[in-house]
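> Sharing final_31.cif (mmCIF, N, CA and C atoms) below.
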data_target
#
loop_
_atom_site.label_atom_id
_atom_site.label_comp_id
_atom_site.auth_asym_id
_atom_site.auth_seq_id
_atom_site.Cartn_x
_atom_site.Cartn_y
_atom_site.Cartn_z
N MET A 331 -59.96 -14.04 -34.54
CA MET A 331 -61.24 -13.39 -34.77
C MET A 331 -61.50 -12.42 -33.62
N GLY A 332 -62.05 -11.28 -33.90
CA GLY A 332 -62.31 -10.25 -32.90
C GLY A 332 -63.59 -10.49 -32.13
N SER A 333 -63.84 -9.63 -31.18
CA SER A 333 -65.07 -9.71 -30.40
C SER A 333 -65.59 -8.30 -30.18
N PHE A 334 -66.89 -8.19 -29.93
CA PHE A 334 -67.50 -6.90 -29.66
C PHE A 334 -67.30 -6.52 -28.20
N ARG A 335 -67.11 -5.22 -27.98
CA ARG A 335 -66.96 -4.71 -26.62
C ARG A 335 -68.04 -3.66 -26.39
N PHE A 336 -68.49 -3.56 -25.14
CA PHE A 336 -69.47 -2.54 -24.77
C PHE A 336 -68.97 -1.82 -23.53
N ARG A 337 -69.04 -0.49 -23.54
CA ARG A 337 -68.63 0.27 -22.37
C ARG A 337 -69.37 1.60 -22.37
N ARG A 338 -69.94 1.96 -21.24
CA ARG A 338 -70.63 3.24 -21.07
C ARG A 338 -70.07 3.89 -19.82
N VAL A 339 -69.72 5.17 -19.90
CA VAL A 339 -69.16 5.90 -18.76
C VAL A 339 -70.11 7.03 -18.40
N VAL A 340 -70.46 7.11 -17.10
CA VAL A 340 -71.32 8.17 -16.60
C VAL A 340 -70.52 8.98 -15.60
N ALA A 341 -70.33 10.26 -15.88
CA ALA A 341 -69.56 11.13 -14.99
C ALA A 341 -70.46 11.64 -13.87
N LEU A 342 -70.00 11.50 -12.64
CA LEU A 342 -70.70 12.02 -11.46
C LEU A 342 -69.77 13.03 -10.79
N GLY A 343 -69.73 14.20 -11.32
CA GLY A 343 -68.81 15.19 -10.79
C GLY A 343 -67.52 15.20 -11.57
N ARG A 344 -66.56 15.93 -11.03
CA ARG A 344 -65.31 16.14 -11.75
C ARG A 344 -64.35 14.95 -11.68
N PHE A 345 -64.35 14.23 -10.57
CA PHE A 345 -63.36 13.18 -10.37
C PHE A 345 -63.94 11.78 -10.19
N LEU A 346 -65.26 11.59 -10.30
CA LEU A 346 -65.89 10.28 -10.09
C LEU A 346 -66.66 9.88 -11.34
N LYS A 347 -66.40 8.65 -11.81
CA LYS A 347 -67.09 8.11 -12.98
C LYS A 347 -67.58 6.70 -12.67
N ILE A 348 -68.76 6.37 -13.16
CA ILE A 348 -69.29 5.01 -13.07
C ILE A 348 -69.16 4.41 -14.47
N ASN A 349 -68.54 3.25 -14.55
CA ASN A 349 -68.29 2.56 -15.81
C ASN A 349 -69.16 1.31 -15.88
N VAL A 350 -69.90 1.15 -16.98
CA VAL A 350 -70.74 -0.02 -17.17
C VAL A 350 -70.28 -0.73 -18.44
N SER A 351 -69.99 -2.02 -18.32
CA SER A 351 -69.59 -2.81 -19.48
C SER A 351 -70.29 -4.16 -19.42
N LYS A 352 -70.06 -4.98 -20.43
CA LYS A 352 -70.71 -6.29 -20.43
C LYS A 352 -70.17 -7.20 -19.33
N THR A 353 -69.01 -6.86 -18.76
CA THR A 353 -68.45 -7.69 -17.69
C THR A 353 -68.83 -7.19 -16.30
N GLY A 354 -69.46 -6.01 -16.19
CA GLY A 354 -69.88 -5.53 -14.88
C GLY A 354 -69.80 -4.03 -14.74
N VAL A 355 -69.92 -3.58 -13.49
CA VAL A 355 -69.91 -2.16 -13.15
C VAL A 355 -68.67 -1.85 -12.32
N SER A 356 -68.07 -0.70 -12.56
CA SER A 356 -66.94 -0.27 -11.76
C SER A 356 -67.03 1.24 -11.54
N ALA A 357 -66.23 1.72 -10.62
CA ALA A 357 -66.16 3.16 -10.35
C ALA A 357 -64.72 3.60 -10.50
N SER A 358 -64.52 4.75 -11.14
CA SER A 358 -63.19 5.32 -11.31
C SER A 358 -63.13 6.64 -10.56
N VAL A 359 -62.08 6.80 -9.77
CA VAL A 359 -61.88 8.03 -9.02
C VAL A 359 -60.51 8.57 -9.40
N GLY A 360 -60.45 9.83 -9.75
CA GLY A 360 -59.17 10.43 -10.10
C GLY A 360 -59.31 11.39 -11.25
N ARG A 361 -58.18 11.72 -11.83
CA ARG A 361 -58.14 12.65 -12.95
C ARG A 361 -57.16 12.12 -13.97
N PRO A 362 -57.14 12.70 -15.16
CA PRO A 362 -56.18 12.22 -16.16
C PRO A 362 -54.76 12.23 -15.59
N GLY A 363 -54.10 11.11 -15.70
CA GLY A 363 -52.75 10.99 -15.17
C GLY A 363 -52.67 10.07 -13.96
N ALA A 364 -53.73 10.00 -13.17
CA ALA A 364 -53.75 9.12 -11.99
C ALA A 364 -55.19 8.75 -11.66
N THR A 365 -55.51 7.46 -11.76
CA THR A 365 -56.88 6.99 -11.55
C THR A 365 -56.89 5.72 -10.71
N LEU A 366 -57.90 5.61 -9.85
CA LEU A 366 -58.15 4.41 -9.06
C LEU A 366 -59.45 3.82 -9.56
N ASN A 367 -59.44 2.55 -10.01
CA ASN A 367 -60.63 1.89 -10.52
C ASN A 367 -61.02 0.77 -9.57
N VAL A 368 -62.28 0.79 -9.12
CA VAL A 368 -62.75 -0.19 -8.14
C VAL A 368 -63.88 -1.00 -8.75
N ARG A 369 -63.70 -2.33 -8.77
CA ARG A 369 -64.72 -3.28 -9.17
C ARG A 369 -65.05 -4.16 -7.98
N LYS A 370 -66.04 -5.02 -8.12
CA LYS A 370 -66.42 -5.86 -6.99
C LYS A 370 -65.33 -6.87 -6.62
N ASP A 371 -64.44 -7.20 -7.57
CA ASP A 371 -63.44 -8.22 -7.31
C ASP A 371 -62.00 -7.71 -7.26
N ARG A 372 -61.78 -6.40 -7.54
CA ARG A 372 -60.40 -5.91 -7.51
C ARG A 372 -60.35 -4.39 -7.50
N VAL A 373 -59.18 -3.89 -7.15
CA VAL A 373 -58.89 -2.47 -7.21
C VAL A 373 -57.63 -2.30 -8.05
N ASP A 374 -57.70 -1.45 -9.09
CA ASP A 374 -56.56 -1.21 -9.98
C ASP A 374 -56.18 0.26 -9.91
N GLY A 375 -54.89 0.54 -9.97
CA GLY A 375 -54.39 1.90 -10.05
C GLY A 375 -53.74 2.11 -11.40
N THR A 376 -53.97 3.27 -11.99
CA THR A 376 -53.38 3.58 -13.29
C THR A 376 -52.72 4.96 -13.23
N VAL A 377 -51.52 5.04 -13.73
CA VAL A 377 -50.83 6.32 -13.90
C VAL A 377 -50.39 6.41 -15.35
N GLY A 378 -50.43 7.62 -15.89
CA GLY A 378 -50.06 7.76 -17.29
C GLY A 378 -49.76 9.19 -17.65
N VAL A 379 -49.43 9.38 -18.90
CA VAL A 379 -49.15 10.70 -19.45
C VAL A 379 -50.37 11.09 -20.29
N PRO A 380 -51.20 12.04 -19.81
CA PRO A 380 -52.42 12.40 -20.53
C PRO A 380 -52.15 12.83 -21.98
N GLY A 381 -53.02 12.36 -22.87
CA GLY A 381 -52.93 12.73 -24.27
C GLY A 381 -51.98 11.91 -25.11
N THR A 382 -51.23 10.99 -24.49
CA THR A 382 -50.26 10.20 -25.25
C THR A 382 -50.70 8.75 -25.46
N GLY A 383 -51.61 8.27 -24.64
CA GLY A 383 -51.99 6.86 -24.70
C GLY A 383 -51.04 5.97 -23.93
N LEU A 384 -50.04 6.54 -23.30
CA LEU A 384 -49.04 5.79 -22.54
C LEU A 384 -49.45 5.75 -21.07
N SER A 385 -49.63 4.53 -20.53
CA SER A 385 -50.03 4.40 -19.13
C SER A 385 -49.52 3.08 -18.55
N TYR A 386 -49.56 3.00 -17.22
CA TYR A 386 -49.17 1.80 -16.49
C TYR A 386 -50.27 1.47 -15.51
N ARG A 387 -50.73 0.22 -15.52
CA ARG A 387 -51.80 -0.22 -14.63
C ARG A 387 -51.29 -1.35 -13.75
N GLU A 388 -51.68 -1.30 -12.48
CA GLU A 388 -51.29 -2.35 -11.54
C GLU A 388 -52.45 -2.67 -10.61
N ARG A 389 -52.62 -3.97 -10.34
CA ARG A 389 -53.64 -4.40 -9.39
C ARG A 389 -53.17 -4.08 -7.98
N LEU A 390 -54.02 -3.38 -7.22
CA LEU A 390 -53.64 -2.95 -5.88
C LEU A 390 -54.25 -3.83 -4.79
N ALA A 391 -55.43 -4.41 -5.06
CA ALA A 391 -56.08 -5.26 -4.06
C ALA A 391 -57.02 -6.24 -4.75
N ASN A 392 -57.29 -7.34 -4.08
CA ASN A 392 -58.23 -8.34 -4.57
C ASN A 392 -59.46 -8.38 -3.66
N ARG A 393 -60.35 -9.24 -3.95
CA ARG A 393 -61.64 -9.49 -3.34
C ARG A 393 -62.12 -8.64 -2.17
N GLY A 394 -61.71 -8.93 -0.94
CA GLY A 394 -62.31 -8.34 0.24
C GLY A 394 -62.31 -6.83 0.26
N CYS A 395 -61.18 -6.24 0.06
CA CYS A 395 -61.03 -4.78 0.07
C CYS A 395 -61.84 -4.15 -1.06
N ALA A 396 -61.82 -4.76 -2.22
CA ALA A 396 -62.51 -4.21 -3.38
C ALA A 396 -64.02 -4.17 -3.16
N ALA A 397 -64.58 -5.23 -2.59
CA ALA A 397 -66.02 -5.26 -2.34
C ALA A 397 -66.43 -4.17 -1.36
N LEU A 398 -65.64 -3.94 -0.35
CA LEU A 398 -65.92 -2.90 0.64
C LEU A 398 -65.86 -1.52 -0.01
N LEU A 399 -64.83 -1.25 -0.80
CA LEU A 399 -64.70 0.04 -1.47
C LEU A 399 -65.82 0.26 -2.47
N MET A 400 -66.20 -0.78 -3.22
CA MET A 400 -67.27 -0.65 -4.21
C MET A 400 -68.58 -0.31 -3.53
N GLY A 401 -68.87 -0.94 -2.40
CA GLY A 401 -70.08 -0.63 -1.66
C GLY A 401 -70.09 0.82 -1.19
N GLY A 402 -68.96 1.29 -0.68
CA GLY A 402 -68.86 2.67 -0.22
C GLY A 402 -69.02 3.66 -1.35
N LEU A 403 -68.39 3.39 -2.50
CA LEU A 403 -68.54 4.28 -3.65
C LEU A 403 -69.97 4.26 -4.18
N GLY A 404 -70.63 3.11 -4.10
CA GLY A 404 -72.03 3.04 -4.51
C GLY A 404 -72.91 3.91 -3.65
N LEU A 405 -72.66 3.91 -2.34
CA LEU A 405 -73.42 4.77 -1.45
C LEU A 405 -73.16 6.24 -1.74
N LEU A 406 -71.90 6.60 -1.99
CA LEU A 406 -71.56 7.98 -2.33
C LEU A 406 -72.23 8.42 -3.63
N ALA A 407 -72.22 7.55 -4.63
CA ALA A 407 -72.82 7.88 -5.91
C ALA A 407 -74.33 8.07 -5.77
N GLY A 408 -74.97 7.21 -4.98
CA GLY A 408 -76.40 7.34 -4.74
C GLY A 408 -76.75 8.63 -4.01
N ALA A 409 -75.94 8.97 -3.01
CA ALA A 409 -76.17 10.21 -2.27
C ALA A 409 -75.94 11.42 -3.17
N GLY A 410 -74.92 11.36 -4.02
CA GLY A 410 -74.65 12.46 -4.94
C GLY A 410 -75.77 12.65 -5.95
N ALA A 411 -76.28 11.55 -6.49
CA ALA A 411 -77.37 11.62 -7.45
C ALA A 411 -78.62 12.20 -6.79
N TRP A 412 -78.90 11.80 -5.55
CA TRP A 412 -80.06 12.34 -4.82
C TRP A 412 -79.88 13.83 -4.57
N TRP A 413 -78.67 14.25 -4.20
CA TRP A 413 -78.41 15.65 -3.91
C TRP A 413 -78.59 16.51 -5.15
N PHE A 414 -78.07 16.02 -6.31
CA PHE A 414 -78.22 16.78 -7.55
C PHE A 414 -79.68 16.84 -8.00
N ALA A 415 -80.44 15.77 -7.79
CA ALA A 415 -81.85 15.74 -8.17
C ALA A 415 -82.67 16.69 -7.28
N ALA A 416 -82.29 16.80 -6.01
CA ALA A 416 -83.02 17.65 -5.07
C ALA A 416 -82.73 19.14 -5.29
N ALA A 417 -81.59 19.43 -5.87
CA ALA A 417 -81.19 20.86 -6.05
C ALA A 417 -81.88 21.53 -7.19
#
Show how you would write the structure in this file as structure tokens.

Amino acid sequence: MGSFRFRRVVALGRFLKINVSKTGVSASVGRPGATLNVRKDRVDGTVGVPGTGLSYRERLANRGCAALLMGGLGLLAGAGAWWFAAA
């Protein structure tokens, strides 16, 4: 039996995206073909061939590093949103 999935992506500039799903929030940095995805509990890297659906994903880090990167990306996203709102 299947299950429902929820995912919303908000682009903050050309190379930064905030992803919201029922399992949590993550940030993606990169472009088609090479992306770094940071969640509170892990960091994943993905490389692929754009437009084909063919990609390879690998976990790059667990817990400690991921939490630090997620906090830093959150600060950057907040500063970027403030800057765009002020302009």
> Give me the residues near segment 358-360 of chain A as a list in words, where near means some atom within 5 Å (using all atoms listed in the file) and where sequence neighbours in that chain fewer than 6 positions away do not count.
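So, after excluding close chain neighbours, the residues are Phe345, Leu346, Lys347, Ile348, Leu366, Asn367 and Val368 of chain A.
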> Restricting the calculation to all atoms listed in the file, which member of A:Thr376, A:Gly363, A:Val350, A:Arg387 is positioned closest to Arg338 of chain A?
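Smallest distance to Arg338 of chain A is found for A:Val350.
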> What lies within 7 Å of Gly378 of chain A using only N, CA and C atoms, ignoring chain neighbours under 3 positions off, as a count of residues only?
9
> One decimal, in Å: what's the spacing between atom CA of Lys352 of chain A and atom CA of Asp374 of chain A?
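It comes out at 18.3 Å.
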> Report the distance between atom CA of Val373 of chain A and atom CA of Ala357 of chain A in Å, rounded to one decimal place.
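Those two atoms sit 9.7 Å apart.
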> Could you check how far atom N of Ala391 of chain A sits from atom CA of Gly375 of chain A, in Å to one decimal?
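If I compute the distance from atom N of Ala391 of chain A to atom CA of Gly375 of chain A, I get 8.1 Å.
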> Restricting the calculation to all atoms listed in the file: of A:Asn349, A:Glu388, A:Arg344, A:Arg335, which residue gets closest to Arg361 of chain A?
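That would be A:Arg344, the residue with the smallest distance to Arg361 of chain A.
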